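> Structure: target_33.csv, CSV, C-alpha atoms.
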```csv
chain,number,residue,atom,x,y,z
A,16,MET,CA,47.5,104.6,-265.2
A,17,GLN,CA,44.6,106.9,-264.4
A,18,LEU,CA,44.1,107.6,-260.7
A,19,THR,CA,40.7,108.9,-259.5
A,20,ALA,CA,41.9,109.7,-255.9
A,21,GLN,CA,43.2,113.2,-255.4
A,22,PRO,CA,45.9,114.2,-252.9
A,23,GLU,CA,43.5,115.8,-250.5
A,24,SER,CA,41.4,112.6,-250.3
A,25,LEU,CA,44.6,110.5,-249.8
A,26,LEU,CA,45.8,112.7,-246.9
A,27,GLY,CA,43.5,111.0,-244.3
A,28,ARG,CA,44.8,107.6,-245.4
A,29,TYR,CA,48.4,108.7,-245.2
A,30,GLU,CA,47.9,110.2,-241.7
A,31,GLY,CA,46.3,106.8,-240.6
A,32,VAL,CA,49.3,104.9,-242.1
A,33,ARG,CA,51.8,107.1,-240.3
A,34,ALA,CA,49.9,106.7,-237.0
A,35,ARG,CA,50.0,102.9,-237.4
A,36,THR,CA,53.7,102.9,-238.1
A,37,ARG,CA,54.4,105.0,-235.0
A,38,GLU,CA,52.3,102.6,-233.0
A,39,ILE,CA,54.3,99.7,-234.3
A,40,PHE,CA,57.6,101.3,-233.5
A,41,GLY,CA,56.1,102.2,-230.1
A,42,LEU,CA,55.8,98.5,-229.2
A,43,LEU,CA,59.6,98.3,-228.9
A,44,ALA,CA,62.0,98.9,-226.1
A,45,PRO,CA,64.9,101.3,-227.0
A,46,ASP,CA,67.4,98.4,-227.2
A,47,ALA,CA,65.2,96.6,-229.8
A,48,PHE,CA,66.1,99.1,-232.6
A,49,ASP,CA,69.6,97.7,-232.9
A,50,GLN,CA,68.4,94.1,-233.1
A,51,ARG,CA,68.5,92.1,-236.3
A,52,PRO,CA,66.0,89.3,-235.6
A,53,ILE,CA,66.2,87.9,-239.1
A,54,ALA,CA,69.8,87.6,-240.4
A,55,LEU,CA,68.8,88.2,-244.0
A,56,ARG,CA,67.1,91.5,-243.1
A,57,HIS,CA,68.5,94.8,-242.0
A,58,PRO,CA,68.2,95.7,-238.3
A,59,ILE,CA,64.9,97.3,-237.2
A,60,ARG,CA,66.6,100.7,-237.1
A,61,PHE,CA,66.9,100.6,-240.9
A,62,TYR,CA,63.2,100.6,-241.6
A,63,GLU,CA,62.6,103.9,-239.8
A,64,GLY,CA,64.9,105.5,-242.2
A,65,HIS,CA,63.9,103.5,-245.2
A,66,LEU,CA,60.3,104.6,-245.2
A,67,ALA,CA,61.5,108.3,-245.2
A,68,SER,CA,64.1,107.7,-247.9
A,69,PHE,CA,61.5,106.0,-250.1
A,70,ASN,CA,59.0,108.8,-249.6
A,71,PHE,CA,61.7,111.4,-250.4
A,72,GLY,CA,62.5,109.5,-253.6
A,73,MET,CA,58.8,109.7,-254.7
A,74,LEU,CA,58.7,113.5,-253.9
A,75,ARG,CA,61.8,114.1,-255.9
A,76,GLN,CA,60.4,112.2,-258.9
A,77,SER,CA,57.2,114.1,-258.6
A,78,GLY,CA,59.2,117.4,-258.9
A,79,SER,CA,57.9,118.8,-255.7
A,80,VAL,CA,61.4,118.8,-254.1
A,81,GLU,CA,64.8,119.4,-255.7
A,82,SER,CA,67.7,119.5,-253.3
A,83,ASP,CA,68.4,116.9,-250.6
A,84,PRO,CA,70.2,118.3,-247.6
A,85,GLN,CA,71.0,114.8,-246.3
A,86,PRO,CA,71.8,112.7,-249.4
A,87,GLU,CA,74.0,110.3,-247.5
A,88,LEU,CA,71.0,109.2,-245.4
A,89,THR,CA,68.7,109.0,-248.4
A,90,THR,CA,71.2,106.7,-250.1
A,91,LEU,CA,71.9,104.6,-247.0
A,92,PHE,CA,68.3,103.8,-246.4
A,93,ALA,CA,67.3,103.5,-250.0
A,94,ARG,CA,67.1,99.7,-250.4
A,95,GLY,CA,66.6,96.7,-248.2
A,96,ILE,CA,67.9,93.1,-248.7
A,97,ASP,CA,66.2,90.6,-250.9
A,98,PRO,CA,65.8,87.5,-248.7
A,99,LEU,CA,68.5,84.9,-249.2
A,100,ASP,CA,70.9,87.5,-250.7
A,101,GLU,CA,73.7,86.3,-248.4
A,102,ALA,CA,76.3,88.7,-249.8
A,103,ALA,CA,74.2,91.7,-249.1
A,104,ALA,CA,73.4,90.4,-245.7
A,105,ASP,CA,77.1,90.0,-244.9
A,106,ARG,CA,77.7,93.6,-245.9
A,107,ALA,CA,74.9,94.8,-243.8
A,108,SER,CA,76.1,92.9,-240.7
A,109,ILE,CA,79.3,95.0,-240.5
A,110,HIS,CA,77.6,98.4,-241.3
A,111,LYS,CA,77.6,101.1,-238.7
A,112,TRP,CA,74.1,102.7,-238.6
A,113,PRO,CA,73.4,106.2,-237.5
A,114,GLU,CA,72.1,106.9,-234.0
A,115,ARG,CA,68.4,106.7,-233.8
A,116,ALA,CA,68.0,110.4,-233.0
A,117,VAL,CA,69.6,111.2,-236.3
A,118,VAL,CA,67.3,108.8,-238.1
A,119,GLN,CA,64.2,110.2,-236.4
A,120,SER,CA,65.2,113.8,-237.2
A,121,TYR,CA,65.7,112.8,-240.9
A,122,ALA,CA,62.3,111.0,-240.9
A,123,ALA,CA,60.6,114.0,-239.3
A,124,ARG,CA,61.9,116.3,-242.0
A,125,ILE,CA,60.7,114.0,-244.8
A,126,GLU,CA,57.3,113.8,-243.1
A,127,GLU,CA,56.9,117.6,-243.2
A,128,LEU,CA,57.7,117.5,-246.9
A,129,MET,CA,55.1,114.8,-247.4
A,130,ASP,CA,52.4,116.8,-245.6
A,131,LYS,CA,53.2,119.8,-247.8
A,132,ALA,CA,53.0,117.6,-250.9
A,133,PHE,CA,49.5,116.3,-250.0
A,134,ARG,CA,48.2,119.8,-249.4
A,135,GLU,CA,49.7,121.3,-252.5
A,136,GLY,CA,48.4,118.8,-255.0
A,137,VAL,CA,51.3,116.7,-256.0
A,138,GLU,CA,50.6,114.0,-258.7
A,139,PRO,CA,48.7,111.3,-256.7
A,140,LEU,CA,50.5,108.4,-258.4
A,141,TYR,CA,53.7,109.2,-256.3
A,142,LEU,CA,51.7,109.7,-253.1
A,143,HIS,CA,49.7,106.5,-253.5
A,144,THR,CA,53.0,104.6,-254.2
A,145,ALA,CA,54.5,106.0,-250.9
A,146,ILE,CA,51.4,105.1,-248.9
A,147,GLU,CA,51.2,101.5,-250.1
A,148,HIS,CA,54.9,101.0,-249.8
A,149,GLU,CA,54.6,101.9,-246.1
A,150,GLU,CA,51.6,99.7,-245.6
A,151,MET,CA,53.5,96.7,-247.0
A,152,HIS,CA,56.5,97.5,-244.7
A,153,GLN,CA,54.2,97.6,-241.7
A,154,GLU,CA,53.8,93.8,-242.2
A,155,THR,CA,57.5,93.4,-242.7
A,156,LEU,CA,58.1,95.2,-239.3
A,157,MET,CA,55.5,93.0,-237.6
A,158,TYR,CA,57.2,89.7,-238.5
A,159,LEU,CA,60.6,91.1,-237.6
A,160,ILE,CA,59.2,92.2,-234.2
A,161,HIS,CA,57.6,88.8,-233.9
A,162,ARG,CA,61.1,87.3,-233.8
A,163,LEU,CA,62.4,89.6,-231.0
A,164,PRO,CA,62.6,88.3,-227.4
A,165,HIS,CA,59.3,89.2,-225.6
A,166,GLU,CA,61.1,91.4,-223.1
A,167,LEU,CA,62.0,93.8,-225.9
A,168,LYS,CA,58.4,94.6,-226.8
A,169,GLN,CA,55.0,95.1,-225.3
A,170,ALA,CA,51.7,93.8,-226.5
A,171,PRO,CA,49.3,96.4,-227.9
A,172,ARG,CA,46.1,96.8,-225.8
A,173,ASP,CA,43.9,95.5,-228.6
A,174,ALA,CA,45.9,92.2,-229.1
A,175,ILE,CA,43.6,89.2,-228.9
A,176,VAL,CA,44.4,85.6,-228.5
A,177,GLU,CA,41.4,83.7,-229.8
A,178,ARG,CA,41.1,80.0,-229.4
A,179,GLY,CA,38.7,77.5,-230.9
A,180,VAL,CA,38.3,74.2,-232.6
A,181,ALA,CA,39.3,73.5,-236.2
A,182,ARG,CA,37.1,70.9,-237.9
A,183,ARG,CA,38.7,68.7,-240.4
A,184,ALA,CA,39.0,70.3,-243.9
A,185,THR,CA,36.7,69.0,-246.5
A,186,TRP,CA,37.3,68.8,-250.3
A,187,GLN,CA,35.2,71.1,-252.5
A,188,THR,CA,34.8,70.6,-256.2
A,189,LEU,CA,35.0,73.7,-258.3
A,190,GLU,CA,33.7,73.4,-261.8
A,191,GLY,CA,35.9,74.7,-264.6
A,192,ALA,CA,35.4,78.4,-265.4
A,193,ARG,CA,36.9,81.4,-267.1
A,194,VAL,CA,38.3,83.7,-264.4
A,195,GLN,CA,39.6,87.3,-264.5
A,196,LEU,CA,43.2,88.0,-263.3
A,197,GLY,CA,44.6,91.4,-262.9
A,198,ALA,CA,42.9,94.8,-263.0
A,199,ASP,CA,41.8,97.5,-265.4
A,200,PRO,CA,43.4,100.8,-264.6
A,201,GLU,CA,40.1,102.5,-265.2
A,202,ASP,CA,38.5,100.5,-262.4
A,203,VAL,CA,40.9,101.0,-259.6
A,204,THR,CA,42.4,104.0,-257.9
A,205,PHE,CA,45.9,102.5,-257.7
A,206,GLY,CA,47.6,99.3,-258.5
A,207,TRP,CA,51.2,98.0,-258.8
A,208,ASP,CA,52.6,97.1,-262.2
A,209,ASN,CA,52.3,93.3,-261.6
A,210,GLU,CA,48.5,93.7,-261.2
A,211,PHE,CA,48.1,94.8,-264.8
A,212,PRO,CA,46.8,94.2,-267.4
A,213,ARG,CA,43.5,92.6,-266.8
A,214,HIS,CA,43.1,89.3,-268.7
A,215,ASP,CA,41.1,86.1,-268.5
A,216,ALA,CA,42.3,82.5,-267.8
A,217,GLU,CA,40.6,79.2,-268.3
A,218,VAL,CA,40.6,77.1,-265.1
A,219,PRO,CA,39.7,73.4,-265.5
A,220,ALA,CA,37.7,71.7,-262.7
A,221,PHE,CA,39.6,71.0,-259.6
A,222,GLU,CA,39.2,70.2,-255.9
A,223,LEU,CA,40.3,72.6,-253.1
A,224,GLN,CA,40.4,72.2,-249.4
A,225,SER,CA,37.8,74.2,-247.6
A,226,ARG,CA,40.2,75.9,-245.2
A,227,LYS,CA,43.9,76.6,-244.6
A,228,VAL,CA,46.2,73.9,-243.2
A,229,THR,CA,46.5,74.2,-239.4
A,230,ASN,CA,49.2,73.7,-236.9
A,231,GLY,CA,47.5,70.5,-236.0
A,232,ASP,CA,47.5,69.3,-239.6
A,233,PHE,CA,51.2,70.0,-239.9
A,234,LEU,CA,52.0,68.3,-236.6
A,235,GLU,CA,50.4,65.1,-238.1
A,236,PHE,CA,52.7,65.5,-241.1
A,237,LEU,CA,55.8,65.8,-238.9
A,238,VAL,CA,54.8,62.9,-236.6
A,239,ASP,CA,54.3,60.7,-239.8
A,240,ASP,CA,57.8,61.7,-241.0
A,241,GLY,CA,56.2,63.5,-243.8
A,242,TYR,CA,59.3,65.0,-245.4
A,243,ARG,CA,60.7,61.5,-246.1
A,244,ARG,CA,57.3,60.2,-247.2
A,245,ALA,CA,56.9,63.2,-249.6
A,246,ASP,CA,60.2,62.1,-251.3
A,247,LEU,CA,61.4,65.6,-251.0
A,248,TRP,CA,65.0,64.8,-251.6
A,249,GLY,CA,64.5,62.5,-254.6
A,250,LYS,CA,63.4,65.2,-257.0
A,251,ASP,CA,65.8,67.3,-259.1
A,252,ALA,CA,63.5,70.3,-258.5
A,253,TRP,CA,64.6,70.4,-254.9
A,254,GLY,CA,68.4,70.4,-255.6
A,255,HIS,CA,68.8,73.9,-254.2
A,256,VAL,CA,67.1,73.1,-250.9
A,257,LYS,CA,69.1,73.3,-247.7
A,258,GLU,CA,68.0,71.0,-244.9
A,259,ALA,CA,68.1,73.9,-242.5
A,260,ASN,CA,65.2,75.5,-244.3
A,261,ILE,CA,62.7,72.8,-243.5
A,262,GLY,CA,61.5,71.1,-240.3
A,263,ALA,CA,59.3,72.3,-237.6
A,264,PRO,CA,57.6,75.6,-238.6
A,265,PRO,CA,59.5,78.8,-237.8
A,266,TYR,CA,57.4,79.9,-234.8
A,267,TRP,CA,57.3,76.5,-233.1
A,268,GLU,CA,59.4,75.5,-230.1
A,269,ARG,CA,59.6,72.1,-228.4
A,270,ARG,CA,60.1,72.0,-224.6
A,271,ASP,CA,59.8,68.9,-222.5
A,272,GLU,CA,58.1,66.8,-225.1
A,273,GLN,CA,55.5,69.6,-225.7
A,274,TRP,CA,55.1,72.0,-228.6
A,275,PHE,CA,54.7,75.7,-228.0
A,276,LEU,CA,54.0,78.5,-230.4
A,277,ARG,CA,56.0,81.7,-230.2
A,278,ALA,CA,53.2,84.1,-230.8
A,279,ALA,CA,53.9,87.8,-231.4
A,280,PHE,CA,53.8,88.8,-227.7
A,281,GLU,CA,53.7,85.6,-225.7
A,282,ASP,CA,54.4,81.9,-225.9
A,283,LEU,CA,51.4,79.6,-226.1
A,284,PRO,CA,50.8,75.9,-226.0
A,285,LEU,CA,50.6,75.1,-229.8
A,286,PRO,CA,47.2,76.3,-231.0
A,287,LEU,CA,46.3,73.4,-233.2
A,288,GLU,CA,43.4,75.3,-234.7
A,289,TRP,CA,45.5,78.3,-236.0
A,290,PRO,CA,46.9,78.4,-239.5
A,291,VAL,CA,50.5,77.1,-239.9
A,292,PHE,CA,53.0,79.6,-241.3
A,293,VAL,CA,55.7,77.9,-243.5
A,294,SER,CA,57.9,78.3,-246.6
A,295,HIS,CA,56.7,77.4,-250.0
A,296,ILE,CA,59.0,74.3,-249.9
A,297,GLU,CA,57.4,73.1,-246.7
A,298,ALA,CA,53.9,73.7,-248.0
A,299,GLN,CA,54.7,71.7,-251.1
A,300,ALA,CA,56.1,68.9,-249.1
A,301,TYR,CA,53.0,68.7,-247.0
A,302,ALA,CA,50.7,68.8,-250.0
A,303,ARG,CA,52.7,66.0,-251.7
A,304,TRP,CA,52.4,64.0,-248.5
A,305,ARG,CA,48.6,64.5,-248.7
A,306,GLY,CA,48.6,63.3,-252.3
A,307,ALA,CA,47.8,66.8,-253.4
A,308,ARG,CA,49.4,70.0,-254.6
A,309,LEU,CA,49.3,73.7,-254.1
A,310,PRO,CA,46.6,75.7,-256.1
A,311,SER,CA,47.6,77.9,-258.9
A,312,GLU,CA,47.0,81.7,-258.9
A,313,PRO,CA,44.1,81.3,-261.3
A,314,GLU,CA,42.6,78.5,-259.2
A,315,TRP,CA,42.8,80.8,-256.1
A,316,HIS,CA,40.8,83.4,-258.1
A,317,ARG,CA,38.3,80.8,-259.1
A,318,ALA,CA,37.7,79.9,-255.5
A,319,CYS,CA,37.4,83.6,-254.6
A,320,ALA,CA,34.7,84.1,-257.2
A,321,SER,CA,32.6,81.6,-255.2
A,322,ALA,CA,33.4,83.1,-251.8
A,323,GLU,CA,31.8,86.0,-249.9
A,324,ALA,CA,33.5,89.4,-250.0
A,325,PRO,CA,36.2,89.7,-247.3
A,326,ASN,CA,35.4,91.3,-244.0
A,327,PRO,CA,38.3,92.7,-241.9
A,328,GLU,CA,36.9,91.5,-238.5
A,329,GLN,CA,35.6,88.2,-239.7
A,330,ASP,CA,38.5,87.2,-241.9
A,331,ASN,CA,41.2,88.6,-239.5
A,332,PHE,CA,43.3,91.1,-241.3
A,333,ALA,CA,43.9,94.9,-241.0
A,334,PHE,CA,45.3,94.6,-237.4
A,335,THR,CA,42.0,93.6,-235.9
A,336,ARG,CA,43.6,91.0,-233.7
A,337,TRP,CA,47.4,91.1,-234.3
A,338,ASN,CA,47.4,87.3,-233.9
A,339,PRO,CA,46.1,84.5,-236.1
A,340,ALA,CA,42.5,83.3,-235.4
A,341,PRO,CA,41.2,79.7,-235.7
A,342,VAL,CA,40.9,78.7,-239.3
A,343,ALA,CA,37.4,78.9,-240.9
A,344,ASP,CA,36.0,77.4,-244.0
A,345,GLY,CA,35.9,79.7,-247.0
A,346,GLN,CA,38.4,82.2,-245.5
A,347,LEU,CA,40.5,83.1,-248.5
A,348,ALA,CA,41.3,86.8,-248.0
A,349,GLY,CA,42.6,86.8,-244.5
A,350,ASN,CA,44.3,85.0,-241.5
A,351,GLY,CA,47.5,84.3,-243.5
A,352,TRP,CA,48.7,84.8,-247.0
A,353,GLU,CA,48.2,81.7,-249.2
A,354,TRP,CA,51.0,80.2,-251.2
A,355,THR,CA,50.3,79.3,-254.8
A,356,SER,CA,52.2,77.1,-257.3
A,357,THR,CA,52.5,80.1,-259.7
A,358,VAL,CA,56.0,81.5,-260.3
A,359,PHE,CA,56.0,85.3,-259.9
A,360,ALA,CA,56.2,87.0,-263.3
A,361,GLY,CA,54.5,89.7,-265.2
A,362,PHE,CA,51.2,89.1,-266.9
A,363,PRO,CA,51.2,89.2,-270.7
A,364,GLY,CA,51.6,92.8,-271.7
A,365,PHE,CA,53.4,93.7,-268.4
A,366,ASN,CA,54.8,97.2,-268.2
A,367,ALA,CA,57.1,98.3,-265.3
A,368,LEU,CA,56.2,101.3,-263.3
A,369,PRO,CA,58.2,104.2,-264.8
A,370,HIS,CA,58.8,105.8,-261.4
A,371,TYR,CA,59.6,102.4,-259.7
A,372,PRO,CA,60.8,100.1,-262.5
A,373,GLY,CA,62.4,97.5,-260.3
A,374,TYR,CA,59.5,96.9,-258.0
A,375,SER,CA,58.4,93.7,-259.7
A,376,SER,CA,60.8,92.9,-262.4
A,377,ASP,CA,63.8,92.6,-260.1
A,378,PHE,CA,62.1,89.4,-258.8
A,379,PHE,CA,61.2,87.8,-262.1
A,380,ASP,CA,63.8,85.1,-261.4
A,381,ASP,CA,61.8,81.8,-261.4
A,382,ARG,CA,62.4,81.5,-257.6
A,383,HIS,CA,59.7,83.7,-256.2
A,384,PHE,CA,56.1,82.4,-255.9
A,385,VAL,CA,52.8,84.3,-255.8
A,386,LEU,CA,50.8,84.5,-252.5
A,387,LYS,CA,47.3,85.7,-252.4
A,388,GLY,CA,45.0,86.9,-249.6
A,389,ALA,CA,46.1,88.7,-246.5
A,390,SER,CA,47.6,88.1,-243.0
A,391,PRO,CA,46.3,89.3,-239.6
A,392,VAL,CA,48.5,92.4,-240.0
A,393,THR,CA,47.8,93.2,-243.7
A,394,PRO,CA,46.3,96.7,-244.1
A,395,ALA,CA,42.8,96.5,-245.4
A,396,ALA,CA,43.6,98.6,-248.5
A,397,LEU,CA,45.9,95.9,-249.8
A,398,VAL,CA,43.2,93.2,-249.6
A,399,ARG,CA,42.0,93.5,-253.2
A,400,PRO,CA,41.6,90.8,-255.8
A,401,GLY,CA,44.5,92.0,-258.0
A,402,PHE,CA,47.1,92.4,-255.3
A,403,ARG,CA,50.0,89.9,-255.5
A,404,ASN,CA,52.5,89.2,-252.8
A,405,TRP,CA,55.6,87.1,-253.5
A,406,PHE,CA,58.6,85.5,-251.7
A,407,GLN,CA,61.3,83.0,-252.5
A,408,ASP,CA,60.5,79.4,-251.9
A,409,GLN,CA,62.8,79.0,-248.9
A,410,TYR,CA,61.6,82.1,-247.1
A,411,ARG,CA,59.9,81.1,-243.8
A,412,HIS,CA,59.5,84.3,-241.9
A,413,ALA,CA,56.4,85.9,-243.4
A,414,TYR,CA,52.8,85.1,-242.3
A,415,SER,CA,52.4,82.7,-245.2
A,416,ALA,CA,49.8,79.9,-244.9
A,417,PHE,CA,48.4,77.5,-247.6
A,418,ARG,CA,45.7,75.0,-248.5
A,419,CYS,CA,45.8,72.0,-250.7
A,420,ALA,CA,44.3,71.4,-254.2
A,421,ARG,CA,44.1,68.4,-256.4
A,422,ASP,CA,43.0,67.5,-259.9
A,423,VAL,CA,39.5,66.1,-260.4
```
Render the structure in this file as structure tokens.

Amino acid sequence: MQLTAQPESLLGRYEGVRARTREIFGLLAPDAFDQRPIALRHPIRFYEGHLASFNFGMLRQSGSVESDPQPELTTLFARGIDPLDEAAADRASIHKWPERAVVQSYAARIEELMDKAFREGVEPLYLHTAIEHEEMHQETLMYLIHRLPHELKQAPRDAIVERGVARRATWQTLEGARVQLGADPEDVTFGWDNEFPRHDAEVPAFELQSRKVTNGDFLEFLVDDGYRRADLWGKDAWGHVKEANIGAPPYWERRDEQWFLRAAFEDLPLPLEWPVFVSHIEAQAYARWRGARLPSEPEWHRACASAEAPNPEQDNFAFTRWNPAPVADGQLAGNGWEWTSTVFAGFPGFNALPHYPGYSSDFFDDRHFVLKGASPVTPAALVRPGFRNWFQDQYRHAYSAFRCARDV
């Protein structure tokens, strides 16, 4: 891969990323760092060390550092838990983590080494990898923090709760076309291995809903006993599904016959016009109930080819609001990642990153599905056509929305 960005031009982006991470950690009360709001993730304390450990690994591979005065911490914080890896989660639950002051001291030392690397001209591939890794984990931190009790965090001053009215979704017919997937290394400053190589795919004509599915739409599905009507349990494909992984969406709470949404920093009467965040399984059940399906990754690209270029403020990503916004027609790259029906795998001709070989290939297991777009807390640099997100089909904690498609 050829990178056009140089270390000195990346330094400003890195400093902005570090400032945003400090801002996120600054939302938390001291007691929050020991919390483990999602059982299949490490406690929040882990991520402060993990970002530093990963960066040190990039520096070591670049050759800019040799010795590690704290190898035990670098190893401890090296890798998180793949969601639904229950054995790893059990091991993490009994682990004794270092005091936060120790972790902060370790992170500060690595940050000094990173600053030096940017100024001394280290190979930009390693620096770019470190930056985007941290940007992705900013979103992980936000949905972990979302799960914390409100008293353990404070809302940022620029958090906005925007209300509105969601019109009924319409069906749009998209004619068949040849679409481009992936990217050409000559055309981008950086990309992950699963974004390459660029290739074309034929997409037959299909219909797509004009907007994401809302909380109001999903409430209709629940009221109509949609899971039973979708015949979820009668299909062999659902044999691994646990009943505990479906039901009311993860941020909903029912009190005295009324639904509320547990927003990031406060509880709200259920905003019917906001996008619903659910697992892939729940999204498929809803689509089946509607007599539809989820769009494929190539179909998502076909829709994007007909849409306007994303705008951080209008499309609600890049921490412009911190919360979802009312859904809008044509909003593909923002306000919630969108599930596709495409199983996560490498494109034809896939080559793993030599300096991070397991980044994608560790998840080529037929149980992870591609998501496209962005959420309200996705950094703007990750909102590019080739970027691919992925989660297991039962994972319900991310800001993952969806819309329906159907054959013509």
> Could you check how far CA of Asp199 (chain A) sits from CA of Glu150 (chain A), in Å to one decimal?
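One can read the CA of Asp199 (chain A) to CA of Glu150 (chain A) distance as 22.2 Å.
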> Within 7 Å of region 315-328 of chain A, counting only C-alpha atoms, which residues show up once you throw out same-chain ones fewer than 6 positions away? Write them as a list in words, please.
Val194, Thr335, Gly345, Leu347, Ala348 and Ala395 of chain A
> Go ahead and write the residues just picked, C-alpha atoms, as an mmCIF file, in the frame of the given file.

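out.cif written:
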```cif
data_model
loop_
_atom_site.group_PDB
_atom_site.id
_atom_site.type_symbol
_atom_site.label_atom_id
_atom_site.label_comp_id
_atom_site.auth_asym_id
_atom_site.auth_seq_id
_atom_site.Cartn_x
_atom_site.Cartn_y
_atom_site.Cartn_z
ATOM 1 C CA VAL A 194 38.300 83.700 -264.400
ATOM 2 C CA THR A 335 42.000 93.600 -235.900
ATOM 3 C CA GLY A 345 35.900 79.700 -247.000
ATOM 4 C CA LEU A 347 40.500 83.100 -248.500
ATOM 5 C CA ALA A 348 41.300 86.800 -248.000
ATOM 6 C CA ALA A 395 42.800 96.500 -245.400
#
```
> Please identify all polymer residues within 8 Å of Tyr301 (chain A), counting only C-alpha atoms, omitting same-chain residues fewer than 6 positions from it, and present them as a VMD selection string.
chain A and resid 233 236 241 to 242 245
> May I ask which of the residues A:Arg213, A:Ala116, A:Gln273, A:Arg60 is the closest one to Pro200 (chain A), counting only C-alpha atoms?
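Comparing A:Arg213, A:Ala116, A:Gln273, A:Arg60 against Pro200 (chain A), the winner is A:Arg213.
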> With distances taken over all atoms listed in the file, which of A:Leu43, A:Ala420, A:Leu88, A:Leu159 is nearest to Ser311 (chain A)?
A:Ala420
> Have a look at CA of Pro341 (chain A) and CA of Pro286 (chain A) and let me know their distance in Å, one decimal.
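Between CA of Pro341 (chain A) and CA of Pro286 (chain A) the gap is 8.3 Å.
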> Which one is closest to Arg172 (chain A): A:Asp380, A:Gln346, A:Val137, A:Arg336? Count all atoms listed in the file.
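Counting all atoms listed in the file, the residue closest to Arg172 (chain A) is A:Arg336.
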> Could you give me, as JSON lines, a per-residue list for region 136-240 of chain A showing, wherever an atom lies at most 12 Å from an atom of region 77-83 of chain A, the closest pair of atoms and their distance in Å to one decimal, using only C-alpha atoms and sorting by chain then residue number from low to high?

```
{"residue": "A:Gly136", "atom": "CA", "partner": "A:Ser79", "partner_atom": "CA", "distance": 9.5}
{"residue": "A:Val137", "atom": "CA", "partner": "A:Ser79", "partner_atom": "CA", "distance": 6.9}
{"residue": "A:Glu138", "atom": "CA", "partner": "A:Ser77", "partner_atom": "CA", "distance": 6.6}
{"residue": "A:Pro139", "atom": "CA", "partner": "A:Ser77", "partner_atom": "CA", "distance": 9.1}
{"residue": "A:Leu140", "atom": "CA", "partner": "A:Ser77", "partner_atom": "CA", "distance": 8.8}
{"residue": "A:Tyr141", "atom": "CA", "partner": "A:Ser77", "partner_atom": "CA", "distance": 6.4}
{"residue": "A:Leu142", "atom": "CA", "partner": "A:Ser77", "partner_atom": "CA", "distance": 8.9}
{"residue": "A:His143", "atom": "CA", "partner": "A:Ser77", "partner_atom": "CA", "distance": 11.8}
{"residue": "A:Thr144", "atom": "CA", "partner": "A:Ser77", "partner_atom": "CA", "distance": 11.3}
{"residue": "A:Ala145", "atom": "CA", "partner": "A:Ser77", "partner_atom": "CA", "distance": 11.5}
```
> So what do you get for CA of Phe61 (chain A) versus CA of Ile160 (chain A), distance-wise?
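Separation between CA of Phe61 (chain A) and CA of Ile160 (chain A): 13.2 Å.
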> Restricting the calculation to only C-alpha atoms: of A:His370, A:His165, A:Arg178, A:Arg75, which residue gets closest to Met129 (chain A)?
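Smallest separation from Met129 (chain A) among the options: A:Arg75.
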> Given the point (40.2, 80.4, -232.2) in the coordinates of this file, which residues lie within 12 Å, counting only C-alpha atoms, and how would they look as a VMD selection string?
chain A and resid 175 to 182 229 285 to 290 329 to 331 336 338 to 343 350
> Leaving out Arg244 (chain A) and any residue of its chain fewer than 3 positions from it, which residues lie within 12 Å of it when counting only C-alpha atoms, given as a list in words?
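In the requested format, the answer is Phe236, Leu237, Val238, Asp239, Asp240, Gly241, Leu247, Trp248, Gly249, Ala300, Tyr301, Ala302, Arg303, Trp304, Arg305 and Gly306 of chain A.
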> For a cutoff of 9 Å around the file-coordinate point (56.3, 82.1, -241.8), which residues qualify once you count all atoms listed in the file? I'd like the result as a ChimeraX atom specification.
/A:158,264-266,291-294,410-416
> Residues as selected, C-alpha atoms, written as a compact mmCIF listing (two decimals), in the frame of the given file, can you do that?

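Saved the output as again.txt:
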```txt
# COMPACT_ATOMS: atom_id res chain seq x y z
CA TYR A 158 57.20 89.70 -238.50
CA PRO A 264 57.60 75.60 -238.60
CA PRO A 265 59.50 78.80 -237.80
CA TYR A 266 57.40 79.90 -234.80
CA VAL A 291 50.50 77.10 -239.90
CA PHE A 292 53.00 79.60 -241.30
CA VAL A 293 55.70 77.90 -243.50
CA SER A 294 57.90 78.30 -246.60
CA TYR A 410 61.60 82.10 -247.10
CA ARG A 411 59.90 81.10 -243.80
CA HIS A 412 59.50 84.30 -241.90
CA ALA A 413 56.40 85.90 -243.40
CA TYR A 414 52.80 85.10 -242.30
CA SER A 415 52.40 82.70 -245.20
CA ALA A 416 49.80 79.90 -244.90
```
> Name the closest residue to Glu135 (chain A) among the candidates A:Ala198, A:Met73, A:Leu26, A:Val358; distances are taken between atoms, counting all atoms listed in the file.
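Distance minimum relative to Glu135 (chain A) lands on A:Leu26.
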> Measuring atom to atom with all atoms listed in the file, identify which of A:His57, A:Glu63, A:Gln153, A:Arg124 is nearest to Val32 (chain A).
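Result for the nearest residue to Val32 (chain A): A:Gln153.
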